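Scroll down for the structure; my scribbles are underneath it.
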Amino acid sequence: MIATPRRSARTASALVLSTALLGSLVACSTPGAAGARTPVVPTGESAGYIEATGAFGSQPEVEFPTPLQTDGAQQAVIDAGEGDPIARGQIVDFQVSLFNGENGELITASAYDDEEAPLRRTAGAELDLLAEAVQCAQVGSRIAVTGTIADVFGADTLDPSLGLGNDDAVVMVLDVQAAYLGRATGIPQLGASGIPAVVTTPDGIPGVTIPNEEPPTELRSHTLVLGQGPAIEEGDRAVVHYTGLLWSTRTVFDSSWDRGAPATLTITSFDNDPNGVVPGLAEGLVGRTVGSQVIVVIPPELGYPTGQAPATIPDGSTMVFVVDILGIED
């Protein structure tokens, strides 16, 4: 644990946030005019019946004819955004409302609140209809998605007391708010003396080899992959994937990759902001650019104060972080 985010993901009732979602997975295609995109979830008639009003990013007023019938998962664009189409593997933030197709009643919704985190998915993730629905969408879009309970949640997975069967239709309205990189995408850089070596899997997960020597006594920060995006400024909220290790034991104590979801960190010292990160990590990331992979070696005096570190980090530890900078929140 390296920081306490300002916002925490909403724990919702249910249905949308914690259950594996099922859909068909294909790649975006580009037929016809330049820049045109065919969505992963196919355009369909039932989704075209959905109307939604209200400001983007706020909970919409949704209308559709009931009872609604749908033949598999379908989608339709209610309002097109002006952002770039989202590629497979990007990290996507969005809000969603889910309705009963039989009677139009709201089943559950995300927070629609600046003080709470939006939902976040990796575009195109398998067995996740929400993740498939946002792939190929443009940032800033409001889209409708229809499907059966089985399409969305998988067959025979819901509590029977909810009164929803496998073939019952559901309607989702998504506001696609932001998209970030899925991993560092910049230009590989040469290593540096005394800096641990890093290799990555095809999916971007880093493996770190710490040299068999005493740790440095000063902060070291080195760019392994140089991204071409904007530079992080003090106080920015950066979306990152990271792995943290102890120099002494060469063991991982924390990894967003292991959790399968990136973190959002406030890039300032927790001496200045209780929601910030350890001082050495903040210093090592300020000025680094989106798309970069950075390794930061943090001596004890720039880490946690004595007695305040998580149980996985002994007092006096030299920490090593490998950080993929995926984006900066607005």
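The chains in the structure tokens are called A, B, ... from first to last as shown; in each chain the residues are counted from 1, and the ligands are counted from 1 in the order shown.
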Practice task
Skip A:Asp168 itself and residues of its chain fewer than 6 positions away, then list as number ranges by chain all residues within 10 Å of it, counting only C-alpha atoms.
Solution key: A: 67-70, 100-102, 147-151
Create the file for the chosen residues now, containing all heavy atoms and written as a JSON list (two decimals), in the first residue's frame.
[["chain", "number", "residue", "atom", "x", "y", "z"],
["A", 67, "PRO", "N", -42.76, -4.43, -22.19],
["A", 67, "PRO", "CA", -41.52, -5.16, -21.89],
["A", 67, "PRO", "C", -40.58, -5.15, -23.10],
["A", 67, "PRO", "O", -41.03, -5.32, -24.23],
["A", 67, "PRO", "CB", -42.00, -6.56, -21.56],
["A", 67, "PRO", "CG", -43.25, -6.71, -22.37],
["A", 67, "PRO", "CD", -43.90, -5.36, -22.37],
["A", 68, "LEU", "N", -39.30, -4.99, -22.84],
["A", 68, "LEU", "CA", -38.30, -4.96, -23.91],
["A", 68, "LEU", "C", -37.78, -6.37, -24.16],
["A", 68, "LEU", "O", -37.45, -7.09, -23.23],
["A", 68, "LEU", "CB", -37.14, -4.05, -23.53],
["A", 68, "LEU", "CG", -36.09, -3.84, -24.61],
["A", 68, "LEU", "CD1", -36.62, -2.89, -25.68],
["A", 68, "LEU", "CD2", -34.79, -3.30, -24.02],
["A", 69, "GLN", "N", -37.71, -6.74, -25.43],
["A", 69, "GLN", "CA", -37.14, -8.02, -25.83],
["A", 69, "GLN", "C", -35.80, -7.77, -26.50],
["A", 69, "GLN", "O", -35.62, -6.78, -27.21],
["A", 69, "GLN", "CB", -38.08, -8.75, -26.79],
["A", 69, "GLN", "CG", -39.48, -8.99, -26.24],
["A", 69, "GLN", "CD", -39.48, -9.91, -25.04],
["A", 69, "GLN", "OE1", -38.73, -10.90, -25.00],
["A", 69, "GLN", "NE2", -40.31, -9.60, -24.04],
["A", 70, "THR", "N", -34.84, -8.67, -26.28],
["A", 70, "THR", "CA", -33.54, -8.52, -26.92],
["A", 70, "THR", "C", -32.99, -9.88, -27.29],
["A", 70, "THR", "O", -33.19, -10.86, -26.57],
["A", 70, "THR", "CB", -32.55, -7.79, -26.00],
["A", 70, "THR", "OG1", -31.31, -7.58, -26.70],
["A", 70, "THR", "CG2", -32.29, -8.56, -24.73],
["A", 100, "ASN", "N", -34.36, -2.91, -15.38],
["A", 100, "ASN", "CA", -35.13, -4.12, -15.68],
["A", 100, "ASN", "C", -35.87, -3.89, -17.00],
["A", 100, "ASN", "O", -36.67, -2.97, -17.13],
["A", 100, "ASN", "CB", -36.12, -4.38, -14.54],
["A", 100, "ASN", "CG", -36.83, -5.71, -14.68],
["A", 100, "ASN", "OD1", -37.11, -6.17, -15.77],
["A", 100, "ASN", "ND2", -37.15, -6.32, -13.54],
["A", 101, "GLY", "N", -35.60, -4.75, -18.00],
["A", 101, "GLY", "CA", -36.25, -4.59, -19.30],
["A", 101, "GLY", "C", -37.73, -4.89, -19.28],
["A", 101, "GLY", "O", -38.47, -4.45, -20.16],
["A", 102, "GLU", "N", -38.20, -5.61, -18.28],
["A", 102, "GLU", "CA", -39.62, -5.96, -18.19],
["A", 102, "GLU", "C", -40.47, -4.77, -17.81],
["A", 102, "GLU", "O", -41.53, -4.53, -18.40],
["A", 102, "GLU", "CB", -39.80, -7.09, -17.16],
["A", 102, "GLU", "CG", -41.24, -7.47, -16.88],
["A", 102, "GLU", "CD", -41.90, -8.19, -18.04],
["A", 102, "GLU", "OE1", -41.18, -8.75, -18.89],
["A", 102, "GLU", "OE2", -43.15, -8.20, -18.10],
["A", 147, "GLY", "N", -29.30, -6.69, -23.23],
["A", 147, "GLY", "CA", -28.97, -8.10, -23.21],
["A", 147, "GLY", "C", -29.87, -8.81, -22.24],
["A", 147, "GLY", "O", -30.69, -8.18, -21.55],
["A", 148, "THR", "N", -29.75, -10.11, -22.18],
["A", 148, "THR", "CA", -30.48, -10.87, -21.18],
["A", 148, "THR", "C", -29.65, -10.97, -19.90],
["A", 148, "THR", "O", -28.45, -10.68, -19.90],
["A", 148, "THR", "CB", -30.80, -12.28, -21.69],
["A", 148, "THR", "OG1", -29.56, -12.98, -21.87],
["A", 148, "THR", "CG2", -31.56, -12.23, -23.01],
["A", 149, "ILE", "N", -30.29, -11.42, -18.86],
["A", 149, "ILE", "CA", -29.55, -11.67, -17.61],
["A", 149, "ILE", "C", -28.39, -12.61, -17.87],
["A", 149, "ILE", "O", -27.27, -12.40, -17.37],
["A", 149, "ILE", "CB", -30.49, -12.24, -16.54],
["A", 149, "ILE", "CG1", -31.45, -11.16, -16.03],
["A", 149, "ILE", "CG2", -29.70, -12.84, -15.38],
["A", 149, "ILE", "CD1", -30.79, -10.07, -15.22],
["A", 150, "ALA", "N", -28.61, -13.65, -18.66],
["A", 150, "ALA", "CA", -27.53, -14.60, -18.96],
["A", 150, "ALA", "C", -26.41, -13.94, -19.75],
["A", 150, "ALA", "O", -25.23, -14.23, -19.53],
["A", 150, "ALA", "CB", -28.08, -15.80, -19.73],
["A", 151, "ASP", "N", -26.75, -13.04, -20.70],
["A", 151, "ASP", "CA", -25.71, -12.32, -21.44],
["A", 151, "ASP", "C", -24.85, -11.49, -20.51],
["A", 151, "ASP", "O", -23.63, -11.43, -20.66],
["A", 151, "ASP", "CB", -26.34, -11.37, -22.48],
["A", 151, "ASP", "CG", -27.04, -12.08, -23.60],
["A", 151, "ASP", "OD1", -26.56, -13.16, -23.99],
["A", 151, "ASP", "OD2", -28.06, -11.55, -24.10]]
Handout entry: Polymer residues at most 9 Å from stretch 222-236 of chain A, only C-alpha atoms, same-chain spacing of 6 or more positions, as a ChimeraX atom specification
Key = /A:184-192,195,198,265-269,273,276,282-297,324-325,327-330
Exercise for the section: Would you please give, as a PyMOL selection string, all residues of stretch 132-220 of chain A that DSSP assigns to alpha helix (DSSP H) based on the backbone? Expected result: chain A and resi 132-134+149-153
Handout entry: 9 Å contact set for A:Pro300, only C-alpha atoms, chain neighbours under 6 positions out, as a ChimeraX atom specification
Key = /A:217,315-319
Residues from last step as file, all heavy atoms, as a compact mmCIF listing (two decimals), in the first residue's frame:
# COMPACT_ATOMS: atom_id res chain seq x y z
N THR A 217 22.18 4.95 -1.13
CA THR A 217 21.75 5.75 0.02
C THR A 217 21.00 7.00 -0.40
O THR A 217 20.46 7.70 0.46
CB THR A 217 22.97 6.15 0.87
OG1 THR A 217 23.90 6.87 0.04
CG2 THR A 217 23.64 4.91 1.45
N ASP A 315 10.58 -1.41 9.05
CA ASP A 315 11.23 -0.11 9.23
C ASP A 315 12.65 -0.15 8.67
O ASP A 315 13.36 -1.16 8.78
CB ASP A 315 11.29 0.25 10.72
CG ASP A 315 9.93 0.64 11.27
OD1 ASP A 315 9.04 1.01 10.47
OD2 ASP A 315 9.75 0.55 12.51
N GLY A 316 13.06 0.96 8.05
CA GLY A 316 14.41 1.05 7.51
C GLY A 316 14.60 0.40 6.16
O GLY A 316 15.74 0.24 5.70
N SER A 317 13.49 0.05 5.48
CA SER A 317 13.60 -0.64 4.20
C SER A 317 13.90 0.33 3.06
O SER A 317 13.39 1.46 3.02
CB SER A 317 12.30 -1.38 3.87
OG SER A 317 12.08 -2.44 4.77
N THR A 318 14.72 -0.13 2.12
CA THR A 318 14.85 0.53 0.83
C THR A 318 13.82 -0.10 -0.10
O THR A 318 13.79 -1.33 -0.28
CB THR A 318 16.26 0.34 0.26
OG1 THR A 318 17.20 1.02 1.10
CG2 THR A 318 16.36 0.91 -1.16
N MET A 319 12.98 0.74 -0.68
CA MET A 319 11.91 0.26 -1.55
C MET A 319 12.26 0.52 -3.01
O MET A 319 12.92 1.52 -3.34
CB MET A 319 10.59 0.94 -1.20
CG MET A 319 10.06 0.62 0.18
SD MET A 319 8.47 1.42 0.54
CE MET A 319 8.97 3.15 0.64
Exercise for the section: Skip A:Ala76 itself and residues of its chain fewer than 4 positions away, then list as JSON, numbers by chain all residues within 12 Å of it, counting only C-alpha atoms. Expected result: {"A": [38, 39, 40, 41, 42, 43, 44, 45, 46, 47, 48, 49, 50, 51, 52, 80, 133, 134, 137, 141, 142, 143, 144, 145, 146, 171, 172, 173, 174]}
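Atom CA of A:Ala169 is positioned 12.0 Å from atom CA of A:Phe64.
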Exercise for the section: Any chance you could list, as a PyMOL selection string, the residues in stretch 81-258 of chain A that come up strand (DSSP E) when DSSP is run on the backbone? Expected result: chain A and resi 91-100+106-109+119-122+142-148+169-180+187-188+197-200+206-209+220-226+237-246+251-255
Please produce, as JSON lines, a per-residue contact table for stretch 188-229 of chain A versus stretch 240-249 of chain A (criterion: any atom at most 9 Å away, only C-alpha atoms considered), showing the nearest atom pair and its distance in Å to one decimal, sorted by chain then residue number.
{"residue": "A:Ile205", "atom": "CA", "partner": "A:Thr243", "partner_atom": "CA", "distance": 8.7}
{"residue": "A:Pro206", "atom": "CA", "partner": "A:Thr243", "partner_atom": "CA", "distance": 7.5}
{"residue": "A:Gly207", "atom": "CA", "partner": "A:Thr243", "partner_atom": "CA", "distance": 8.9}
{"residue": "A:Val208", "atom": "CA", "partner": "A:Leu245", "partner_atom": "CA", "distance": 8.5}
{"residue": "A:Ile210", "atom": "CA", "partner": "A:Trp247", "partner_atom": "CA", "distance": 6.7}
{"residue": "A:Pro211", "atom": "CA", "partner": "A:Trp247", "partner_atom": "CA", "distance": 8.7}
{"residue": "A:Glu214", "atom": "CA", "partner": "A:Ser248", "partner_atom": "CA", "distance": 8.5}
{"residue": "A:Pro215", "atom": "CA", "partner": "A:Trp247", "partner_atom": "CA", "distance": 6.8}
Would you put the residues from that selection into a file with C-alpha atoms, as a short mmCIF file (atom, residue, chain, number, x, y, z; two decimals), in the first residue's frame?
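Heads up, here's the output in out-v6.cif:
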data_model
loop_
_atom_site.label_atom_id
_atom_site.label_comp_id
_atom_site.auth_asym_id
_atom_site.auth_seq_id
_atom_site.Cartn_x
_atom_site.Cartn_y
_atom_site.Cartn_z
CA ILE A 205 3.80 -7.05 -16.17
CA PRO A 206 7.31 -6.23 -14.95
CA GLY A 207 9.84 -8.65 -13.56
CA VAL A 208 12.60 -7.02 -11.50
CA ILE A 210 17.72 -6.37 -7.85
CA PRO A 211 21.54 -6.44 -7.89
CA GLU A 214 24.14 -2.71 -0.91
CA PRO A 215 21.26 -0.38 -1.80
#
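When only C-alpha atoms are used to measure the gap to A:Ala109, the shortest distance among A:Gln90, A:Asn212, A:Thr200, A:Gln95 belongs to A:Gln95.
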Test item: residues at most 8 Å from A:Phe56, only C-alpha atoms, excluding those fewer than 4 positions along its chain, as a PDB file with N, CA, C and O atoms, in the first residue's frame:
ATOM      1  N   PRO A  60     -28.866   9.495 -15.723  1.00  0.00           N
ATOM      2  CA  PRO A  60     -29.812   9.918 -16.757  1.00  0.00           C
ATOM      3  C   PRO A  60     -31.249   9.519 -16.439  1.00  0.00           C
ATOM      4  O   PRO A  60     -31.512   8.603 -15.648  1.00  0.00           O
ATOM      5  N   GLY A 140     -16.458  10.333 -24.130  1.00  0.00           N
ATOM      6  CA  GLY A 140     -17.490  11.367 -24.149  1.00  0.00           C
ATOM      7  C   GLY A 140     -18.828  10.868 -24.650  1.00  0.00           C
ATOM      8  O   GLY A 140     -19.796  11.631 -24.687  1.00  0.00           O
ATOM      9  N   ARG A 142     -22.348   8.592 -24.706  1.00  0.00           N
ATOM     10  CA  ARG A 142     -23.358   7.898 -23.911  1.00  0.00           C
ATOM     11  C   ARG A 142     -23.916   6.789 -24.786  1.00  0.00           C
ATOM     12  O   ARG A 142     -24.390   7.053 -25.891  1.00  0.00           O
ATOM     13  N   ASP A 175     -22.045   6.171 -19.578  1.00  0.00           N
ATOM     14  CA  ASP A 175     -21.359   7.411 -19.944  1.00  0.00           C
ATOM     15  C   ASP A 175     -19.859   7.136 -19.890  1.00  0.00           C
ATOM     16  O   ASP A 175     -19.304   6.872 -18.816  1.00  0.00           O
TER      17      ASP A 175
END
Fill in the blank from the handout: Nearest to A:Ile298, restricted to only C-alpha atoms and choosing among A:Val252, A:Val278, A:Ala73, A:Leu219, comes out as A:Leu219
Exercise for the section: Would you please work out which residue, of A:Gln308, A:Ile91, A:Gln138, A:Asp167, is nearest to A:Ala263 when using only C-alpha atoms? Expected result: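 Among the listed residues, the smallest separation from A:Ala263 belongs to A:Ile91.
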Fill in the blank from the handout: Judged by only C-alpha atoms, the minimum distance to A:Gly163 among A:Ala179, A:Ile107, A:Val199, A:Val320 is found for A:Ile107
